[in-house]
Amino acid sequence: MNFYNIIDNTSYEGKWTMAISIHSRSRLIEWCCPDCGAADSYPAGAFDVTVEGGNAYPDILGCGAYPLMIVSSRVIASWEQNDIGPFVKFPVGVAAAHETMLRSKDAPQYYRVEIAGDVKVDIPRSGGKISQYCARCGQFSIESFTLKKKAIFAGSWDGSPLFRDKRLFPRVIFCTETVKQLAEKEKHTNFHFEGMLPTS
């Protein structure tokens with residue numbers, strides 16, 4: 001079975017606008033590890049964004065402010081109608097548009113998506129070596145992580161069409177061939193699917 005890493009294609013298709021800042025409408029999840037000092041802050045649910053550049057709104061919105069998956073209602077409807085998931089969705093509004101002719105009021109309804117499907121990434125097979133690891137929070141550093149293609153441990157995928165490694169790569173979203181084919185069939189814009197290494 002073929003698996004893919006889902007990313008936005010904004011860097012290679014200049015026509016699409018992207019989110020450059022986030023304005024939370026929900027409580028912030030904030031934490032700082034007392035052992036290694038790693039810290040993070042991001043909205044727990046709904047938020048608004050300021051977009052910049054481009055001349056069109058895409059179906060998957062690149063987010064330079066924080067690596068969250070933001071997709072249009074068209075994508076959500078397609079996934080729900082075809083049993084693609086599991087995921088939880090939160091509304092995302094476009095509050096302002098900068099350095100573009102686009103108007104915020106013309107933006108599609110967007111949603112931030114949190115994927116529930118699970119898998120475990122095999123870092124050594126993906127070309128990396130963990131050099132530092134915090135046992136308390138799970139933050140880590142990788143040496144020589146040069147390969148773009150990630151590999152997963154055999155038997156770790158839970159069978160979901162959309163999935164992620166919640167522990168090591170919570171912001172990296174993977175999918176099956178079914179999701180890729182659906183995006184191509186329905187012409188979901190700005191999606192890019194990077195092939196993964198086969199399971200061992």
# chains A, B, ... in the order shown; residues from 1 in each chain; ligands from 1
call {"tool": "closest_atom_pairs", "arguments": {"of": "region 57-128 of chain A", "to": "region 21-32 of chain A", "cutoff": "10 Å", "atoms": "only C-alpha atoms", "output": "JSON lines"}}
result
{"residue": "A:Cys63", "atom": "CA", "partner": "A:Ser21", "partner_atom": "CA", "distance": 7.9}
{"residue": "A:Gly64", "atom": "CA", "partner": "A:Ser21", "partner_atom": "CA", "distance": 7.3}
{"residue": "A:Ala65", "atom": "CA", "partner": "A:Ser21", "partner_atom": "CA", "distance": 5.0}
{"residue": "A:Tyr66", "atom": "CA", "partner": "A:Ile22", "partner_atom": "CA", "distance": 8.0}
{"residue": "A:Phe90", "atom": "CA", "partner": "A:Ser26", "partner_atom": "CA", "distance": 9.9}
{"residue": "A:Pro91", "atom": "CA", "partner": "A:Arg25", "partner_atom": "CA", "distance": 9.4}
{"residue": "A:Val92", "atom": "CA", "partner": "A:Arg25", "partner_atom": "CA", "distance": 9.1}
{"residue": "A:Gly93", "atom": "CA", "partner": "A:His23", "partner_atom": "CA", "distance": 9.4}
{"residue": "A:Val94", "atom": "CA", "partner": "A:Ile22", "partner_atom": "CA", "distance": 9.5}
{"residue": "A:Ala95", "atom": "CA", "partner": "A:His23", "partner_atom": "CA", "distance": 8.4}
{"residue": "A:Ala96", "atom": "CA", "partner": "A:Ser21", "partner_atom": "CA", "distance": 9.8}
call {"tool": "write_last_selection", "arguments": {"atoms": "C-alpha atoms", "output": "short mmCIF file (atom, residue, chain, number, x, y, z; two decimals), in the first residue's frame"}}
result
data_model
loop_
_atom_site.label_atom_id
_atom_site.label_comp_id
_atom_site.auth_asym_id
_atom_site.auth_seq_id
_atom_site.Cartn_x
_atom_site.Cartn_y
_atom_site.Cartn_z
CA CYS A 63 0.39 28.40 7.47
CA GLY A 64 3.69 30.14 8.07
CA ALA A 65 2.69 31.18 11.58
CA TYR A 66 2.42 27.61 12.91
CA PHE A 90 -12.41 23.84 14.15
CA PRO A 91 -13.53 26.98 12.24
CA VAL A 92 -10.86 29.27 10.83
CA GLY A 93 -11.78 32.75 9.60
CA VAL A 94 -9.77 35.13 7.45
CA ALA A 95 -9.53 38.36 9.45
CA ALA A 96 -7.36 40.38 7.05
#
call {"tool": "select_by_dssp", "arguments": {"residues": "region 98-194 of chain A", "states": "alpha helix (DSSP H)", "output": "list in words"}}
result
Glu177, Thr178, Val179, Lys180, Gln181, Leu182, Ala183, Glu184 and Lys185 of chain A
call {"tool": "residues_around", "arguments": {"residues": "Lys187 (chain A)", "least_positions_apart": "4", "cutoff": "12 Å", "atoms": "only C-alpha atoms", "output": "PDB file with N, CA and C atoms, in the first residue's frame"}}
result
ATOM      1  N   PRO A  58      -6.605  28.949  -1.778  1.00  0.00           N
ATOM      2  CA  PRO A  58      -6.491  27.524  -2.097  1.00  0.00           C
ATOM      3  C   PRO A  58      -7.383  26.665  -1.196  1.00  0.00           C
ATOM      4  N   ASP A  59      -7.442  25.379  -1.524  1.00  0.00           N
ATOM      5  CA  ASP A  59      -8.186  24.442  -0.679  1.00  0.00           C
ATOM      6  C   ASP A  59      -7.396  24.012   0.551  1.00  0.00           C
ATOM      7  N   ILE A  60      -6.065  23.993   0.451  1.00  0.00           N
ATOM      8  CA  ILE A  60      -5.245  23.778   1.633  1.00  0.00           C
ATOM      9  C   ILE A  60      -4.390  25.028   1.801  1.00  0.00           C
ATOM     10  N   ARG A  74     -14.830  22.769   1.232  1.00  0.00           N
ATOM     11  CA  ARG A  74     -14.969  21.842   0.090  1.00  0.00           C
ATOM     12  C   ARG A  74     -14.224  20.539   0.359  1.00  0.00           C
ATOM     13  N   VAL A  75     -13.033  20.655   0.932  1.00  0.00           N
ATOM     14  CA  VAL A  75     -12.254  19.467   1.277  1.00  0.00           C
ATOM     15  C   VAL A  75     -12.931  18.700   2.407  1.00  0.00           C
ATOM     16  N   SER A  78     -15.862  16.770   1.119  1.00  0.00           N
ATOM     17  CA  SER A  78     -15.398  15.628   0.337  1.00  0.00           C
ATOM     18  C   SER A  78     -14.923  14.502   1.239  1.00  0.00           C
ATOM     19  N   VAL A 179      -6.897   9.057  -0.381  1.00  0.00           N
ATOM     20  CA  VAL A 179      -6.990  10.507  -0.163  1.00  0.00           C
ATOM     21  C   VAL A 179      -6.362  11.253  -1.341  1.00  0.00           C
ATOM     22  N   LYS A 180      -5.225  10.775  -1.793  1.00  0.00           N
ATOM     23  CA  LYS A 180      -4.547  11.393  -2.930  1.00  0.00           C
ATOM     24  C   LYS A 180      -5.428  11.342  -4.182  1.00  0.00           C
ATOM     25  N   GLN A 181      -6.006  10.189  -4.458  1.00  0.00           N
ATOM     26  CA  GLN A 181      -6.844  10.033  -5.648  1.00  0.00           C
ATOM     27  C   GLN A 181      -8.087  10.912  -5.566  1.00  0.00           C
ATOM     28  N   LEU A 182      -8.653  11.044  -4.372  1.00  0.00           N
ATOM     29  CA  LEU A 182      -9.832  11.890  -4.199  1.00  0.00           C
ATOM     30  C   LEU A 182      -9.479  13.350  -4.451  1.00  0.00           C
ATOM     31  N   ALA A 183      -8.333  13.796  -3.949  1.00  0.00           N
ATOM     32  CA  ALA A 183      -7.898  15.184  -4.172  1.00  0.00           C
ATOM     33  C   ALA A 183      -7.684  15.454  -5.655  1.00  0.00           C
ATOM     34  N   PHE A 191      -2.644  21.142  -2.917  1.00  0.00           N
ATOM     35  CA  PHE A 191      -2.200  19.929  -2.234  1.00  0.00           C
ATOM     36  C   PHE A 191      -0.966  19.361  -2.928  1.00  0.00           C
ATOM     37  N   HIS A 192      -0.038  18.865  -2.136  1.00  0.00           N
ATOM     38  CA  HIS A 192       1.114  18.129  -2.667  1.00  0.00           C
ATOM     39  C   HIS A 192       1.282  16.863  -1.842  1.00  0.00           C
TER      40      HIS A 192
END
call {"tool": "residues_around", "arguments": {"residues": "Gln139 (chain A)", "least_positions_apart": "5", "cutoff": "8 Å", "atoms": "only C-alpha atoms", "output": "PDB file with N, CA and C atoms, in the first residue's frame"}}
result
ATOM      1  N   ALA A  38      12.069  23.186  26.216  1.00  0.00           N
ATOM      2  CA  ALA A  38      11.223  23.294  25.025  1.00  0.00           C
ATOM      3  C   ALA A  38       9.887  23.926  25.396  1.00  0.00           C
ATOM      4  N   TYR A 133      17.113  13.455  23.230  1.00  0.00           N
ATOM      5  CA  TYR A 133      15.708  13.121  23.452  1.00  0.00           C
ATOM      6  C   TYR A 133      15.345  13.448  24.894  1.00  0.00           C
ATOM      7  N   CYS A 134      14.227  14.142  25.082  1.00  0.00           N
ATOM      8  CA  CYS A 134      13.758  14.485  26.415  1.00  0.00           C
ATOM      9  C   CYS A 134      12.691  13.475  26.835  1.00  0.00           C
ATOM     10  N   LEU A 168       6.089  11.937  17.923  1.00  0.00           N
ATOM     11  CA  LEU A 168       7.313  12.493  17.352  1.00  0.00           C
ATOM     12  C   LEU A 168       7.063  13.573  16.297  1.00  0.00           C
TER      13      LEU A 168
END
call {"tool": "closest_residue", "arguments": {"among": "A:Asp83, A:Glu99, A:Asp106, A:Glu114", "to": "Pro43 (chain A)", "atoms": "only C-alpha atoms"}}
result
A:Glu114
call {"tool": "residues_around", "arguments": {"residues": "Pro67 (chain A)", "least_positions_apart": "6", "cutoff": "12 Å", "atoms": "only C-alpha atoms", "output": "PyMOL selection string"}}
result
chain A and resi 7-8+18-22+40-43+61+112-114+169-173
call {"tool": "atom_distance", "arguments": {"atom1": "CA of Arg103 (chain A)", "atom2": "CA of Ile6 (chain A)"}}
result
27.1 Å
call {"tool": "select_by_dssp", "arguments": {"residues": "region 30-195 of chain A", "states": "strand (DSSP E)", "output": "VMD selection string"}}
result
chain A and resid 30 to 32 39 to 43 47 to 52 69 to 72 87 to 98 110 to 115 129 to 133 140 to 143 162 to 165 169 to 176 191 to 195
call {"tool": "write_last_selection", "arguments": {"atoms": "C-alpha atoms", "output": "mmCIF file, in the first residue's frame"}}
result
data_model
loop_
_atom_site.group_PDB
_atom_site.id
_atom_site.type_symbol
_atom_site.label_atom_id
_atom_site.label_comp_id
_atom_site.auth_asym_id
_atom_site.auth_seq_id
_atom_site.Cartn_x
_atom_site.Cartn_y
_atom_site.Cartn_z
ATOM 1 C CA GLU A 30 0.916 26.726 26.308
ATOM 2 C CA TRP A 31 3.611 24.606 27.873
ATOM 3 C CA CYS A 32 7.289 24.692 28.769
ATOM 4 C CA ALA A 39 8.093 25.442 24.795
ATOM 5 C CA ASP A 40 5.042 25.750 22.571
ATOM 6 C CA SER A 41 1.909 27.857 22.208
ATOM 7 C CA TYR A 42 -1.000 27.294 19.816
ATOM 8 C CA PRO A 43 -4.823 27.619 19.773
ATOM 9 C CA PHE A 47 -8.896 30.905 15.324
ATOM 10 C CA ASP A 48 -8.642 33.569 12.634
ATOM 11 C CA VAL A 49 -5.718 34.212 10.296
ATOM 12 C CA THR A 50 -4.177 37.067 8.374
ATOM 13 C CA VAL A 51 -3.246 36.008 4.852
ATOM 14 C CA GLU A 52 -0.597 37.513 2.608
ATOM 15 C CA MET A 69 -3.484 21.824 8.719
ATOM 16 C CA ILE A 70 -6.047 24.308 7.375
ATOM 17 C CA VAL A 71 -8.411 23.168 4.617
ATOM 18 C CA SER A 72 -11.516 24.547 2.932
ATOM 19 C CA PHE A 87 -10.429 14.027 12.378
ATOM 20 C CA VAL A 88 -11.762 16.898 14.486
ATOM 21 C CA LYS A 89 -12.386 20.271 12.821
ATOM 22 C CA PHE A 90 -12.412 23.837 14.155
ATOM 23 C CA PRO A 91 -13.529 26.984 12.241
ATOM 24 C CA VAL A 92 -10.860 29.274 10.829
ATOM 25 C CA GLY A 93 -11.778 32.746 9.602
ATOM 26 C CA VAL A 94 -9.765 35.130 7.451
ATOM 27 C CA ALA A 95 -9.533 38.359 9.453
ATOM 28 C CA ALA A 96 -7.357 40.378 7.050
ATOM 29 C CA ALA A 97 -5.480 40.135 3.747
ATOM 30 C CA HIS A 98 -2.140 41.904 3.141
ATOM 31 C CA TYR A 110 -11.690 27.201 6.343
ATOM 32 C CA TYR A 111 -11.201 24.643 9.087
ATOM 33 C CA ARG A 112 -8.225 23.672 11.181
ATOM 34 C CA VAL A 113 -8.057 19.877 11.229
ATOM 35 C CA GLU A 114 -6.634 17.660 13.966
ATOM 36 C CA ILE A 115 -6.014 14.135 12.729
ATOM 37 C CA LYS A 129 19.450 9.478 14.041
ATOM 38 C CA ILE A 130 18.096 10.867 17.308
ATOM 39 C CA SER A 131 20.923 12.789 18.974
ATOM 40 C CA GLN A 132 18.982 14.233 21.913
ATOM 41 C CA TYR A 133 15.708 13.121 23.452
ATOM 42 C CA PHE A 140 14.170 15.500 20.222
ATOM 43 C CA SER A 141 16.932 16.507 17.830
ATOM 44 C CA ILE A 142 17.868 14.538 14.731
ATOM 45 C CA GLU A 143 21.292 14.170 13.133
ATOM 46 C CA LEU A 162 -5.496 10.157 7.497
ATOM 47 C CA PHE A 163 -2.920 9.600 10.234
ATOM 48 C CA ARG A 164 0.112 11.026 12.058
ATOM 49 C CA ASP A 165 2.796 10.172 14.594
ATOM 50 C CA PHE A 169 5.734 14.362 14.405
ATOM 51 C CA PRO A 170 2.340 15.715 15.535
ATOM 52 C CA ARG A 171 2.233 18.340 12.748
ATOM 53 C CA VAL A 172 3.180 15.996 9.894
ATOM 54 C CA ILE A 173 0.086 14.543 8.215
ATOM 55 C CA PHE A 174 0.097 11.264 6.284
ATOM 56 C CA CYS A 175 -2.547 9.653 4.097
ATOM 57 C CA THR A 176 -3.387 6.677 1.916
ATOM 58 C CA PHE A 191 -2.200 19.929 -2.234
ATOM 59 C CA HIS A 192 1.114 18.129 -2.667
ATOM 60 C CA PHE A 193 1.621 14.465 -1.855
ATOM 61 C CA GLU A 194 5.162 13.255 -1.101
ATOM 62 C CA GLY A 195 5.587 9.512 -1.364
#
call {"tool": "residues_around", "arguments": {"residues": "Gly14 (chain A)", "least_positions_apart": "3", "cutoff": "7 Å", "atoms": "only C-alpha atoms", "output": "number ranges by chain"}}
result
A: 10-11, 54
call {"tool": "closest_residue", "arguments": {"among": "A:Asn5, A:Gly117, A:Ser126, A:Gly45", "to": "Ile84 (chain A)", "atoms": "only C-alpha atoms"}}
result
A:Gly117
call {"tool": "atom_distance", "arguments": {"atom1": "CA of Asn9 (chain A)", "atom2": "CA of Ala56 (chain A)"}}
result
13.2 Å
call {"tool": "residues_around", "arguments": {"residues": "Phe153 (chain A)", "least_positions_apart": "4", "cutoff": "12 Å", "atoms": "only C-alpha atoms", "output": "list in words"}}
result
Asp118, Val119, Lys120, Val121, Asp122, Ile123, Pro124, Arg125, Ser126, Trp157, Asp158, Asp165, Met196, Leu197, Pro198, Thr199 and Ser200 of chain A
call {"tool": "write_last_selection", "arguments": {"atoms": "C-alpha atoms", "output": "tab-separated table (two decimals), in the first residue's frame"}}
result
chain	number	residue	atom	x	y	z
A	118	ASP	CA	-2.14	6.98	14.35
A	119	VAL	CA	1.20	5.63	13.10
A	120	LYS	CA	4.82	5.43	14.29
A	121	VAL	CA	7.61	6.92	12.14
A	122	ASP	CA	10.80	4.85	11.81
A	123	ILE	CA	13.45	7.57	12.11
A	124	PRO	CA	16.52	5.39	11.28
A	125	ARG	CA	14.87	4.03	8.12
A	126	SER	CA	13.88	7.60	7.23
A	157	TRP	CA	-0.54	2.15	11.19
A	158	ASP	CA	-4.07	1.96	12.59
A	165	ASP	CA	2.80	10.17	14.59
A	196	MET	CA	6.77	7.62	1.73
A	197	LEU	CA	9.11	4.66	1.88
A	198	PRO	CA	7.38	1.26	1.92
A	199	THR	CA	7.00	-0.47	5.28
A	200	SER	CA	9.68	-3.00	6.19
call {"tool": "atom_distance", "arguments": {"atom1": "CA of Lys185 (chain A)", "atom2": "CA of Gln81 (chain A)"}}
result
14.0 Å
call {"tool": "closest_residue", "arguments": {"among": "A:Gln109, A:Met1, A:Gly85, A:Thr100", "to": "Lys15 (chain A)", "atoms": "only C-alpha atoms"}}
result
A:Thr100
